[in-house]
file upload.txt (compact mmCIF, C-alpha atoms and all ligand atoms)
# COMPACT_ATOMS: atom_id res chain seq x y z
CA MET A 434 95.31 107.84 105.86
CA GLY A 435 99.03 107.23 105.48
CA HIS A 436 98.85 103.45 105.79
CA GLY A 437 95.90 103.31 103.38
CA ILE A 438 97.83 105.30 100.79
CA ALA A 439 100.94 103.15 101.27
CA GLN A 440 98.78 100.06 100.78
CA ILE A 441 97.25 101.12 97.47
CA MET A 442 100.65 102.17 96.15
CA ALA A 443 102.00 98.71 96.99
CA MET A 444 98.92 97.04 95.50
CA ALA A 445 99.62 98.96 92.27
CA GLY A 446 103.10 97.40 92.12
CA LEU A 447 105.11 100.33 93.47
CA GLY A 448 107.86 100.03 96.06
CA VAL A 449 106.95 101.96 99.21
CA SER A 450 109.04 103.29 102.08
CA MET A 451 106.82 104.22 105.00
CA THR A 452 107.82 106.25 108.02
CA ASP A 453 106.26 107.82 111.13
CA VAL A 454 107.54 109.44 114.31
CA ASN A 455 108.45 106.09 115.86
CA ARG A 456 108.58 102.34 115.17
CA GLU A 457 105.45 101.60 117.17
CA PHE A 458 103.30 103.85 114.95
CA MET A 459 104.90 102.44 111.79
CA GLU A 460 104.15 98.91 112.92
CA LYS A 461 100.59 99.87 113.79
CA GLY A 462 100.22 101.22 110.26
CA TYR A 463 101.71 98.04 108.81
CA ASP A 464 99.30 95.88 110.86
CA ARG A 465 96.39 97.88 109.51
CA ILE A 466 97.64 97.32 105.97
CA LYS A 467 97.78 93.57 106.64
CA TRP A 468 94.28 93.62 108.12
CA SER A 469 92.90 95.48 105.11
CA LEU A 470 94.66 93.22 102.60
CA GLU A 471 93.26 90.17 104.41
CA LYS A 472 89.77 91.64 103.98
CA PHE A 473 90.42 92.02 100.25
CA VAL A 474 91.55 88.37 100.09
CA GLU A 475 88.49 87.20 102.06
CA LYS A 476 86.26 89.09 99.63
CA ARG A 477 88.23 87.67 96.70
CA THR A 478 89.13 91.14 95.44
CA ILE A 479 92.76 90.03 95.41
CA ARG A 480 94.55 86.67 95.73
CA GLN A 481 96.76 85.61 98.63
CA ASP A 482 99.89 85.80 96.44
CA GLU A 483 98.94 89.38 95.48
CA MET A 484 98.61 90.24 99.16
CA ASP A 485 102.03 88.75 99.90
CA ALA A 486 103.58 90.62 96.98
CA ALA A 487 102.03 93.92 98.10
CA LEU A 488 103.32 93.45 101.65
CA ALA A 489 106.77 92.59 100.36
CA ARG A 490 106.90 95.95 98.56
CA ILE A 491 106.45 97.93 101.80
CA LYS A 492 109.48 98.82 103.91
CA LEU A 493 109.30 100.54 107.30
CA VAL A 494 112.09 103.09 107.48
CA ASP A 495 113.37 105.30 110.31
CA GLY A 496 113.97 108.97 109.59
CA TYR A 497 113.41 111.07 106.46
CA PRO A 498 116.89 110.76 104.91
CA ASN A 499 116.57 106.99 104.55
CA THR A 500 112.87 107.10 103.68
CA VAL A 501 113.03 109.55 100.78
CA SER A 502 116.60 109.43 99.44
CA ASN A 503 115.59 107.11 96.59
CA ALA A 504 112.01 108.28 96.14
CA ASP A 505 110.44 109.42 92.88
CA PHE A 506 107.25 110.48 94.61
CA VAL A 507 106.66 111.35 98.28
CA ILE A 508 103.21 111.59 99.90
CA GLU A 509 102.94 113.31 103.26
CA ALA A 510 99.96 112.44 105.49
CA ALA A 511 100.96 113.91 108.86
CA PRO A 512 98.41 115.70 111.08
CA GLU A 513 96.69 118.80 109.70
CA ASP A 514 99.03 121.44 111.11
CA LEU A 515 100.64 123.92 108.74
CA ALA A 516 103.78 124.55 110.84
CA LEU A 517 104.39 120.81 111.21
CA LYS A 518 103.82 120.12 107.52
CA LYS A 519 106.11 123.00 106.48
CA LYS A 520 108.86 121.56 108.65
CA ILE A 521 108.32 118.11 107.12
CA PHE A 522 108.39 119.51 103.58
CA SER A 523 111.57 121.42 104.29
CA ASP A 524 113.22 118.26 105.70
CA ILE A 525 112.02 116.06 102.84
CA ASP A 526 113.20 118.64 100.31
CA ALA A 527 116.69 118.42 101.77
CA HIS A 528 116.88 114.63 101.33
CA ALA A 529 114.72 113.65 98.34
CA PRO A 530 116.31 113.43 94.87
CA PRO A 531 115.92 116.66 92.86
CA HIS A 532 113.45 115.09 90.42
CA ALA A 533 111.11 113.80 93.16
CA ILE A 534 107.59 115.19 93.46
CA LEU A 535 106.47 116.04 96.99
CA ALA A 536 102.72 115.67 97.52
CA SER A 537 100.53 116.43 100.51
CA ASN A 538 97.31 114.67 101.43
CA THR A 539 96.15 117.77 103.30
CA SER A 540 92.38 118.32 103.36
CA ALA A 541 92.52 122.07 103.62
CA LEU A 542 95.97 123.63 103.96
CA SER A 543 97.67 125.75 101.31
CA ILE A 544 99.75 123.79 98.81
CA THR A 545 101.48 127.04 97.86
CA ALA A 546 102.58 127.51 101.49
CA LEU A 547 103.96 123.96 101.60
CA GLY A 548 105.80 124.57 98.33
CA SER A 549 107.34 127.72 99.75
CA ALA A 550 108.93 125.65 102.52
CA THR A 551 111.00 123.90 99.81
CA LYS A 552 113.31 124.86 96.97
CA ARG A 553 111.10 122.99 94.49
CA GLY A 554 107.71 124.73 94.58
CA ASP A 555 107.13 123.57 90.98
CA ARG A 556 107.30 119.94 92.16
CA VAL A 557 105.02 120.32 95.19
CA VAL A 558 101.40 119.32 94.69
CA GLY A 559 98.23 118.39 96.58
CA MET A 560 97.11 114.78 96.32
CA HIS A 561 93.94 114.60 98.38
CA PHE A 562 92.61 111.08 98.94
CA PHE A 563 89.26 110.31 100.53
CA ASN A 564 88.78 108.13 103.56
CA PRO A 565 89.34 105.18 103.39
CA PRO A 566 91.80 105.50 100.48
CA GLN A 567 91.69 101.73 99.90
CA ILE A 568 88.02 102.06 98.92
CA MET A 569 87.18 105.62 97.92
CA PRO A 570 87.78 106.24 94.22
CA LEU A 571 88.35 110.00 94.17
CA VAL A 572 91.65 111.89 94.30
CA GLU A 573 91.81 115.68 94.07
CA VAL A 574 95.05 116.81 92.42
CA ILE A 575 95.69 120.38 93.56
CA LYS A 576 97.96 122.86 91.89
CA GLY A 577 99.61 125.39 94.19
CA ALA A 578 100.59 128.77 92.74
CA ASP A 579 104.01 127.37 91.73
CA THR A 580 103.09 123.78 90.79
CA SER A 581 104.05 123.00 87.19
CA ASP A 582 101.66 121.44 84.68
CA GLN A 583 104.08 118.52 84.41
CA THR A 584 103.90 117.87 88.17
CA ALA A 585 100.09 117.99 88.12
CA GLN A 586 100.04 115.63 85.11
CA THR A 587 102.42 113.12 86.74
CA THR A 588 100.30 113.15 89.90
CA PHE A 589 97.15 112.70 87.82
CA ASP A 590 98.73 109.74 86.03
CA LEU A 591 99.85 108.20 89.32
CA ALA A 592 96.31 108.47 90.72
CA LYS A 593 95.04 106.63 87.64
CA ARG A 594 97.71 103.97 88.05
CA LEU A 595 96.36 103.44 91.57
CA GLY A 596 92.96 102.77 90.00
CA LYS A 597 91.57 106.10 91.20
CA THR A 598 89.53 108.77 89.46
CA PRO A 599 91.47 112.03 89.72
CA ILE A 600 90.07 115.53 89.24
CA LEU A 601 92.15 118.64 88.68
CA VAL A 602 91.88 121.52 91.15
CA LYS A 603 93.51 124.30 89.16
CA LYS A 604 93.75 126.81 92.00
CA ASP A 605 94.78 126.35 95.60
CA VAL A 606 91.53 127.47 97.26
CA ARG A 607 90.43 126.33 100.69
CA GLY A 608 88.22 123.26 100.60
CA PHE A 609 89.52 122.50 97.09
CA VAL A 610 86.48 121.28 95.09
CA VAL A 611 84.58 118.71 97.11
CA ASN A 612 84.78 120.30 100.56
CA SER A 613 84.07 123.69 99.06
CA VAL A 614 80.71 122.63 97.59
CA LEU A 615 80.01 120.54 100.68
CA GLY A 616 80.76 123.58 102.89
CA TYR A 617 77.97 125.60 101.25
CA VAL A 618 75.57 122.69 101.65
CA PHE A 619 76.47 122.09 105.31
CA ASN A 620 76.04 125.79 105.96
CA GLU A 621 72.56 125.75 104.51
CA ALA A 622 71.57 122.87 106.79
CA PHE A 623 73.15 124.53 109.83
CA TRP A 624 71.38 127.85 109.12
CA ALA A 625 68.01 126.20 108.57
CA LEU A 626 68.40 124.42 111.91
CA ASN A 627 69.69 127.55 113.65
CA ARG A 628 66.77 129.66 112.42
CA GLY A 629 64.35 127.01 113.58
CA GLU A 630 63.02 126.51 110.05
CA ALA A 631 63.41 122.76 110.11
CA THR A 632 64.55 120.00 112.43
CA ARG A 633 67.60 117.80 112.06
CA ASP A 634 65.38 114.89 111.09
CA GLN A 635 63.39 116.84 108.48
CA ILE A 636 66.56 118.10 106.79
CA ASP A 637 68.35 114.74 106.88
CA SER A 638 65.25 112.93 105.68
CA ALA A 639 64.96 115.23 102.63
CA VAL A 640 68.68 114.90 101.91
CA ARG A 641 68.66 111.09 102.20
CA TYR A 642 65.37 110.19 100.61
CA LYS A 643 64.62 113.06 98.19
CA ALA A 644 68.12 113.94 97.03
CA GLY A 645 69.38 110.36 97.44
CA PHE A 646 72.62 111.38 99.17
CA PRO A 647 74.18 108.38 100.97
CA MET A 648 73.99 110.14 104.35
CA GLY A 649 72.01 112.96 105.89
CA LEU A 650 74.00 116.18 106.29
CA PHE A 651 73.97 116.11 110.09
CA GLU A 652 74.77 112.42 109.95
CA LEU A 653 77.71 113.12 107.62
CA ALA A 654 78.93 116.02 109.79
CA ASP A 655 78.95 113.68 112.82
CA PHE A 656 80.70 111.00 110.80
CA VAL A 657 83.45 113.36 109.61
CA GLY A 658 83.88 114.90 113.09
CA LEU A 659 82.43 118.22 114.21
CA ASP A 660 85.87 119.57 115.17
CA ILE A 661 87.03 119.02 111.59
CA ILE A 662 83.84 120.55 110.15
CA ASP A 663 84.21 123.56 112.46
CA ASP A 664 87.78 124.10 111.38
CA ALA A 665 87.12 123.60 107.67
CA THR A 666 84.05 125.87 107.50
CA LYS A 667 85.92 128.60 109.38
CA GLN A 668 88.81 128.43 106.92
CA THR A 669 86.42 128.61 103.95
CA ALA A 670 84.50 131.49 105.52
CA LEU A 671 87.79 133.34 106.04
CA GLU A 672 88.67 133.02 102.38
CA TYR A 673 85.14 133.80 101.20
CA ALA A 674 83.84 136.29 103.76
CA ASP A 675 81.63 137.81 101.07
CA ARG A 676 80.03 134.43 100.30
CA MET A 677 79.64 132.64 103.58
CA LYS A 678 78.69 133.40 107.17
CA ILE A 679 78.70 130.56 109.68
CA PRO A 680 75.85 130.15 112.17
CA PRO A 681 76.70 129.38 115.82
CA VAL A 682 75.75 125.72 115.57
CA VAL A 683 78.86 123.55 115.39
CA GLU A 684 81.31 125.58 117.49
CA PRO A 685 79.27 125.36 120.73
CA MET A 686 78.94 121.61 120.24
CA VAL A 687 82.70 121.21 119.79
CA LYS A 688 83.29 123.28 122.93
CA ALA A 689 80.92 120.96 124.80
CA GLY A 690 82.96 117.94 123.65
CA LYS A 691 80.30 116.72 121.22
CA LEU A 692 82.48 115.77 118.26
CA GLY A 693 80.12 113.38 116.48
CA GLN A 694 80.57 109.64 115.99
CA LYS A 695 84.08 109.54 117.50
CA SER A 696 82.92 110.98 120.85
CA GLY A 697 79.65 109.02 120.82
CA GLU A 698 77.50 112.12 120.41
CA GLY A 699 77.12 115.04 118.02
CA PHE A 700 73.92 115.97 116.25
CA TYR A 701 72.98 112.32 116.83
CA ASN A 702 73.68 109.87 119.61
CA TRP A 703 75.95 107.19 118.09
CA LYS A 704 76.22 104.93 121.12
CA SER A 705 73.83 102.43 119.65
CA GLY A 706 75.14 102.65 116.08
CA ARG A 707 74.20 104.54 112.94
CA PRO A 708 71.16 106.81 113.41
CA ARG A 709 67.83 105.91 111.85
CA ILE A 710 66.62 108.79 109.73
CA PRO A 711 62.80 108.82 109.44
CA PHE A 712 61.65 108.34 105.86
CA GLU A 713 58.28 110.00 106.34
CA LEU A 714 59.70 113.52 106.88
CA ALA A 715 61.30 113.79 103.43
CA ASP A 716 58.74 116.30 102.15
CA GLU A 717 59.08 118.61 105.11
CA PHE A 718 62.21 120.40 103.96
CA ASP A 719 62.61 122.10 100.57
CA ILE A 720 65.47 120.13 99.01
CA ASP A 721 65.78 122.73 96.23
CA ARG A 722 67.45 124.96 98.81
CA VAL A 723 70.24 122.43 99.21
CA TYR A 724 70.50 122.10 95.44
CA ALA A 725 70.52 125.89 94.92
CA VAL A 726 73.49 126.50 97.23
CA ALA A 727 75.35 123.48 95.81
CA VAL A 728 74.85 124.74 92.24
CA ASN A 729 75.90 128.22 93.30
CA GLY A 730 79.01 126.84 95.00
CA ALA A 731 79.88 124.90 91.84
CA ALA A 732 79.31 128.04 89.74
CA TRP A 733 81.77 129.97 91.93
CA LEU A 734 84.39 127.26 91.34
CA VAL A 735 83.92 127.52 87.56
CA TYR A 736 83.81 131.34 87.70
CA ASP A 737 87.02 131.48 89.76
CA GLY A 738 88.79 129.08 87.38
CA VAL A 739 89.24 126.44 90.09
CA ALA A 740 87.69 123.52 88.22
CA VAL A 741 85.60 122.60 85.19
CA PRO A 742 81.99 121.34 85.56
CA GLU A 743 82.91 117.74 84.64
CA ASP A 744 85.51 117.59 87.43
CA ILE A 745 83.20 119.23 89.99
CA ASP A 746 80.47 116.69 89.23
CA THR A 747 82.92 113.78 89.29
CA GLY A 748 84.23 115.06 92.63
CA MET A 749 80.82 115.14 94.31
CA LYS A 750 79.76 111.77 92.87
CA PHE A 751 82.99 109.86 93.51
CA GLY A 752 84.04 111.68 96.68
CA LEU A 753 80.69 111.83 98.46
CA GLY A 754 78.46 109.41 96.58
CA TRP A 755 75.98 112.02 95.39
CA PRO A 756 73.79 110.49 92.66
CA SER A 757 74.38 113.56 90.45
CA GLY A 758 76.89 116.39 90.56
CA PRO A 759 75.83 119.99 91.21
CA CYS A 760 76.34 121.13 87.60
CA GLU A 761 74.18 118.24 86.36
CA ILE A 762 71.58 119.06 89.02
CA GLY A 763 71.59 122.76 88.02
CA ASP A 764 71.15 121.96 84.35
CA ARG A 765 68.35 119.53 85.14
CA LEU A 766 66.46 121.88 87.48
CA GLY A 767 67.02 124.89 85.22
CA LEU A 768 69.57 127.55 86.10
CA ASP A 769 66.82 130.20 85.98
CA ILE A 770 64.96 128.26 88.68
CA VAL A 771 68.18 128.02 90.72
CA VAL A 772 68.79 131.78 90.47
CA ALA A 773 65.15 132.48 91.39
CA LYS A 774 65.48 130.21 94.45
CA LEU A 775 68.69 131.96 95.52
CA ARG A 776 67.05 135.39 95.13
CA GLU A 777 64.03 134.23 97.12
CA LEU A 778 66.32 133.06 99.95
CA GLN A 779 68.41 136.22 99.72
CA ALA A 780 65.31 138.42 100.01
CA LYS A 781 64.13 136.43 103.01
CA PHE A 782 67.37 136.09 104.97
CA ASN A 783 69.76 138.65 103.51
CA GLU A 784 72.70 136.25 103.79
CA PRO A 785 75.78 136.44 101.52
CA THR A 786 75.57 132.68 100.79
CA TYR A 787 72.52 133.28 98.63
CA LYS A 788 74.09 135.88 96.35
CA PRO A 789 73.92 134.25 92.91
CA CYS A 790 77.32 133.78 91.32
CA PRO A 791 77.76 136.18 88.36
CA LEU A 792 78.36 133.13 86.14
CA LEU A 793 74.84 131.86 86.82
CA GLU A 794 73.35 135.29 86.15
CA GLU A 795 75.31 135.52 82.92
CA TYR A 796 74.16 132.07 81.76
CA VAL A 797 70.53 132.85 82.56
CA ALA A 798 70.76 136.23 80.78
CA LYS A 799 72.09 134.41 77.70
CA GLY A 800 69.27 131.89 77.85
CA TRP A 801 71.67 129.11 78.88
CA THR A 802 69.30 127.74 81.47
CA GLY A 803 70.30 124.10 81.28
CA ARG A 804 69.23 120.87 79.72
CA GLN A 805 65.94 122.13 78.29
CA ALA A 806 67.65 125.06 76.56
CA LYS A 807 70.39 122.62 75.38
CA ARG A 808 73.01 124.80 77.05
CA GLY A 809 73.90 125.39 80.69
CA PHE A 810 77.03 124.22 82.46
CA TYR A 811 77.09 121.63 79.68
CA THR A 812 76.08 121.65 76.04
CA TYR A 813 73.41 119.12 75.01
CA ALA A 814 72.79 117.74 71.55
N1 LIG A 901 91.06 111.29 108.16
C1 LIG A 901 90.47 111.67 107.04
O1 LIG A 901 89.28 111.41 106.80
C2 LIG A 901 91.25 112.41 106.01
C3 LIG A 901 90.79 112.44 104.68
C4 LIG A 901 91.54 113.10 103.72
C5 LIG A 901 92.72 113.75 104.08
N2 LIG A 901 93.13 113.71 105.38
C6 LIG A 901 94.38 114.42 105.71
O2 LIG A 901 95.40 113.43 105.87
C7 LIG A 901 96.34 113.89 106.84
C8 LIG A 901 96.47 112.84 107.92
O3 LIG A 901 95.21 112.62 108.51
P1 LIG A 901 94.90 111.34 109.41
O4 LIG A 901 93.46 111.40 109.73
O5 LIG A 901 95.48 110.14 108.79
O6 LIG A 901 95.76 111.72 110.74
P2 LIG A 901 96.34 110.78 111.86
O7 LIG A 901 96.58 111.68 113.04
O8 LIG A 901 95.50 109.56 112.03
O9 LIG A 901 97.74 110.29 111.27
C9 LIG A 901 98.85 111.12 111.18
C10 LIG A 901 100.11 110.28 111.34
O10 LIG A 901 101.23 111.14 111.11
C11 LIG A 901 102.21 110.81 112.06
N3 LIG A 901 103.14 111.94 112.21
C12 LIG A 901 103.05 113.01 113.05
N4 LIG A 901 104.13 113.80 112.89
C13 LIG A 901 104.92 113.23 111.95
C14 LIG A 901 106.16 113.57 111.40
N5 LIG A 901 106.79 114.66 111.75
N6 LIG A 901 106.68 112.73 110.46
C15 LIG A 901 106.03 111.61 110.09
N7 LIG A 901 104.85 111.24 110.59
C16 LIG A 901 104.29 112.04 111.51
C17 LIG A 901 101.43 110.50 113.32
O11 LIG A 901 102.20 109.78 114.26
C18 LIG A 901 100.26 109.70 112.74
O12 LIG A 901 100.57 108.33 112.64
C19 LIG A 901 95.85 115.24 107.32
O13 LIG A 901 96.48 116.25 106.58
C20 LIG A 901 94.36 115.20 107.00
O14 LIG A 901 93.83 116.47 106.80
C21 LIG A 901 92.45 113.04 106.35
call {"tool": "encode", "arguments": {"input": "upload.txt", "output": "structure tokens", "more": "lines below"}}
Ligand SMILES: NC(=O)c1ccc[n+]([C@@H]2O[C@H](COP(=O)([O-])OP(=O)(O)OC[C@H]3O[C@@H](n4cnc5c(N)ncnc54)[C@H](O)[C@@H]3O)[C@@H](O)[C@H]2O)c1
result
Amino acid sequence: MGHGIAQIMAMAGLGVSMTDVNREFMEKGYDRIKWSLEKFVEKRTIRQDEMDAALARIKLVDGYPNTVSNADFVIEAAPEDLALKKKIFSDIDAHAPPHAILASNTSALSITALGSATKRGDRVVGMHFFNPPQIMPLVEVIKGADTSDQTAQTTFDLAKRLGKTPILVKKDVRGFVVNSVLGYVFNEAFWALNRGEATRDQIDSAVRYKAGFPMGLFELADFVGLDIIDDATKQTALEYADRMKIPPVVEPMVKAGKLGQKSGEGFYNWKSGRPRIPFELADEFDIDRVYAVAVNGAAWLVYDGVAVPEDIDTGMKFGLGWPSGPCEIGDRLGLDIVVAKLRELQAKFNEPTYKPCPLLEEYVAKGWTGRQAKRGFYTYA
């Protein structure tokens, strides 16, 4: 991720100092930048002189003091380990100019905790890019408990300058916006499989061909890496024990070394390339179940003051390629229908995931059932 982020900064005209634990890794990152820029030139997205200019803006620098001493903005993309990142933030804090903003590309760790490792918690922020950052348009800008509005705004503006579409995550919750909604959706697929209600192929077929998601959920889980999914869902379940219980589906696979695409096998066998998901099974899983938990997850984010509906929808569309966001889906289906579906599932399985968010119940009680009623998550003319 680090080299991809450095590349887009340089492409946007910014001077970049890039570091890693040793020269070899830095040079590997630099080679990947060159490779990616060459692809852009081949595809005529940029010109050769633009590639040369971008490369000329990137310096490889040894050690934090030299890397950050002149920086206005620092982005950390080290491995996902809180102790390591806290150490890095503390070191960077000691050497970066007082005005510099320190951002982390963490997918799941607490921005507040990273801020507390520095003396400038107000200038520490989450800047979560999606993989690959050279291509994916979304950036989640996450406010920790101490992050100032000014810091969030500067980070938002920088993301725009990079040509990205930023969304604001107003509270430092695990999973931020996109992985939080996705976590509920993954969990629904894992439970349905675990209970023997549907097969992998039936669920993925409905998700691909009925919902129009770019990948099936099991396919996406394999693509992301089952170790990462296991870790992320556990963190979310810890924070939201009253809303989520994880079925024993992914953990045993991780223990058996089945990590998804990167290990050659996960839910699918990847040795002969991307799996073929059968089209003809799309009606064999009730896609409204996936929608209902996604809408509920989005409602919790609004209810908890984490994000506004527009940003949640932008996040799911630009971060994951969903054709519509969960708030749009809820308004289109009817929030009363969504609540009824959640209650039906709750009565059947008695799982906390299906408890309707009080926000949805409130909207339905007020008659704000969505598009047809001209008021739901959004107001319609
Ligand atoms: N891979 C993804 O899809 C993805 C997407 C979004 C966010 N992220 C987040 O981005 C971060 C990096 O992920 P990645 O997949 O690029 O990991 P990675 O392991 O590929 O890269 C991490 C790099 O950090 C370097 N590093 C380790 N310790 C360091 C230190 N003390 N100082 C400087 N550099 C150090 C490593 O040598 C390595 O080159 C993580 O926080 C991850 O959660 C990853």
call {"tool": "closest_residue", "arguments": {"input": "upload.txt", "among": "A:Thr666, A:Asn702, A:Thr580, A:Asn627", "to": "A:Glu652", "atoms": "only C-alpha atoms"}}
result
A:Asn702
call {"tool": "closest_atom_pairs", "arguments": {"input": "upload.txt", "of": "chain A", "to": "ligand LIG 901 (chain A)", "cutoff": "7 Å", "atoms": "all atoms listed in the file", "output": "CSV"}}
result
residue,atom,partner,partner_atom,distance
A:Met434,CA,A:LIG901,O5,3.7
A:Gly435,CA,A:LIG901,O5,5.7
A:Thr452,CA,A:LIG901,C15,6.0
A:Asp453,CA,A:LIG901,N7,3.7
A:Val454,CA,A:LIG901,N7,4.9
A:Phe458,CA,A:LIG901,O12,5.7
A:Ala510,CA,A:LIG901,C7,4.1
A:Ala511,CA,A:LIG901,O10,3.6
A:Pro512,CA,A:LIG901,C19,4.6
A:Glu513,CA,A:LIG901,O13,4.0
A:Leu517,CA,A:LIG901,N5,6.6
A:Ile521,CA,A:LIG901,N5,6.0
A:Asn538,CA,A:LIG901,O2,5.0
A:Thr539,CA,A:LIG901,O13,3.6
A:Ser540,CA,A:LIG901,O14,4.2
A:Ala541,CA,A:LIG901,O14,6.6
A:His561,CA,A:LIG901,C5,5.9
A:Phe562,CA,A:LIG901,C4,5.3
A:Phe563,CA,A:LIG901,C4,4.8
A:Asn564,CA,A:LIG901,O1,4.6
A:Val657,CA,A:LIG901,O1,6.8
call {"tool": "write_last_selection", "arguments": {"input": "upload.txt", "atoms": "C-alpha atoms", "output": "JSON list (two decimals), in the frame of the given file"}}
result
[["chain", "number", "residue", "atom", "x", "y", "z"],
["A", 434, "MET", "CA", 95.31, 107.84, 105.86],
["A", 435, "GLY", "CA", 99.03, 107.23, 105.48],
["A", 452, "THR", "CA", 107.82, 106.25, 108.02],
["A", 453, "ASP", "CA", 106.26, 107.82, 111.13],
["A", 454, "VAL", "CA", 107.54, 109.44, 114.31],
["A", 458, "PHE", "CA", 103.30, 103.85, 114.95],
["A", 510, "ALA", "CA", 99.96, 112.44, 105.49],
["A", 511, "ALA", "CA", 100.96, 113.91, 108.86],
["A", 512, "PRO", "CA", 98.41, 115.70, 111.08],
["A", 513, "GLU", "CA", 96.69, 118.80, 109.70],
["A", 517, "LEU", "CA", 104.39, 120.81, 111.21],
["A", 521, "ILE", "CA", 108.32, 118.11, 107.12],
["A", 538, "ASN", "CA", 97.31, 114.67, 101.43],
["A", 539, "THR", "CA", 96.15, 117.77, 103.30],
["A", 540, "SER", "CA", 92.38, 118.32, 103.36],
["A", 541, "ALA", "CA", 92.52, 122.07, 103.62],
["A", 561, "HIS", "CA", 93.94, 114.60, 98.38],
["A", 562, "PHE", "CA", 92.61, 111.08, 98.94],
["A", 563, "PHE", "CA", 89.26, 110.31, 100.53],
["A", 564, "ASN", "CA", 88.78, 108.13, 103.56],
["A", 657, "VAL", "CA", 83.45, 113.36, 109.61]]
call {"tool": "residues_around", "arguments": {"input": "upload.txt", "residues": "A:Arg490", "least_positions_apart": "4", "cutoff": "12 Å", "atoms": "only C-alpha atoms", "output": "list of chain:residue names"}}
result
A:Ala439, A:Gln440, A:Ile441, A:Met442, A:Ala443, A:Met444, A:Ala445, A:Gly446, A:Leu447, A:Gly448, A:Val449, A:Ser450, A:Met451, A:Tyr463, A:Ile466, A:Glu483, A:Met484, A:Asp485, A:Ala486
call {"tool": "write_last_selection", "arguments": {"input": "upload.txt", "atoms": "C-alpha atoms", "output": "compact mmCIF listing (two decimals), in the frame of the given file"}}
result
# COMPACT_ATOMS: atom_id res chain seq x y z
CA ALA A 439 100.94 103.15 101.27
CA GLN A 440 98.78 100.06 100.78
CA ILE A 441 97.25 101.12 97.47
CA MET A 442 100.65 102.17 96.15
CA ALA A 443 102.00 98.71 96.99
CA MET A 444 98.92 97.04 95.50
CA ALA A 445 99.62 98.96 92.27
CA GLY A 446 103.10 97.40 92.12
CA LEU A 447 105.11 100.33 93.47
CA GLY A 448 107.86 100.03 96.06
CA VAL A 449 106.95 101.96 99.21
CA SER A 450 109.04 103.29 102.08
CA MET A 451 106.82 104.22 105.00
CA TYR A 463 101.71 98.04 108.81
CA ILE A 466 97.64 97.32 105.97
CA GLU A 483 98.94 89.38 95.48
CA MET A 484 98.61 90.24 99.16
CA ASP A 485 102.03 88.75 99.90
CA ALA A 486 103.58 90.62 96.98
call {"tool": "closest_atom_pairs", "arguments": {"input": "upload.txt", "of": "stretch 716-813 of chain A", "to": "stretch 584-598 of chain A", "cutoff": "10 Å", "atoms": "all atoms listed in the file", "output": "tab-separated table"}}
result
residue	atom	partner	partner_atom	distance
A:Asp744	CA	A:Thr598	CA	9.9
A:Thr747	CA	A:Thr598	CA	8.3
A:Gly748	CA	A:Thr598	CA	8.8
A:Phe751	CA	A:Thr598	CA	7.8
A:Gly752	CA	A:Thr598	CA	9.5
call {"tool": "residues_around", "arguments": {"input": "upload.txt", "residues": "A:Lys691", "least_positions_apart": "2", "cutoff": "10 Å", "atoms": "all atoms listed in the file", "output": "PDB file with C-alpha atoms, in the frame of the given file"}}
result
ATOM      1  CA  ASP A 655      78.950 113.680 112.820  1.00  0.00           C
ATOM      2  CA  GLY A 658      83.880 114.900 113.090  1.00  0.00           C
ATOM      3  CA  LEU A 659      82.430 118.220 114.210  1.00  0.00           C
ATOM      4  CA  ASP A 660      85.870 119.570 115.170  1.00  0.00           C
ATOM      5  CA  VAL A 683      78.860 123.550 115.390  1.00  0.00           C
ATOM      6  CA  GLU A 684      81.310 125.580 117.490  1.00  0.00           C
ATOM      7  CA  PRO A 685      79.270 125.360 120.730  1.00  0.00           C
ATOM      8  CA  MET A 686      78.940 121.610 120.240  1.00  0.00           C
ATOM      9  CA  VAL A 687      82.700 121.210 119.790  1.00  0.00           C
ATOM     10  CA  LYS A 688      83.290 123.280 122.930  1.00  0.00           C
ATOM     11  CA  ALA A 689      80.920 120.960 124.800  1.00  0.00           C
ATOM     12  CA  GLY A 693      80.120 113.380 116.480  1.00  0.00           C
ATOM     13  CA  GLN A 694      80.570 109.640 115.990  1.00  0.00           C
ATOM     14  CA  LYS A 695      84.080 109.540 117.500  1.00  0.00           C
ATOM     15  CA  SER A 696      82.920 110.980 120.850  1.00  0.00           C
ATOM     16  CA  GLY A 697      79.650 109.020 120.820  1.00  0.00           C
ATOM     17  CA  GLU A 698      77.500 112.120 120.410  1.00  0.00           C
ATOM     18  CA  GLY A 699      77.120 115.040 118.020  1.00  0.00           C
ATOM     19  CA  PHE A 700      73.920 115.970 116.250  1.00  0.00           C
ATOM     20  CA  TYR A 701      72.980 112.320 116.830  1.00  0.00           C
ATOM     21  CA  ASN A 702      73.680 109.870 119.610  1.00  0.00           C
TER      22      ASN A 702
END
call {"tool": "residues_around", "arguments": {"input": "upload.txt", "residues": "A:Tyr813", "least_positions_apart": "3", "cutoff": "8 Å", "atoms": "all atoms listed in the file", "output": "ChimeraX atom specification"}}
result
/A:804,807-808
call {"tool": "residues_around", "arguments": {"input": "upload.txt", "residues": "A:Ile636", "least_positions_apart": "6", "cutoff": "9 Å", "atoms": "only C-alpha atoms", "output": "list in words"}}
result
Ala622, Ala625, Leu626, Gly649, Leu650, Phe651, Leu714, Ala715, Glu717, Phe718, Asp719 and Ile720 of chain A
call {"tool": "atom_distance", "arguments": {"input": "upload.txt", "atom1": "atom CA of A:Arg641", "atom2": "atom CA of A:Trp755"}}
result
10.0 Å
call {"tool": "closest_residue", "arguments": {"input": "upload.txt", "among": "A:Ile661, A:Val728, A:Leu768, A:Met560", "to": "A:Glu573", "atoms": "all atoms listed in the file"}}
result
A:Met560
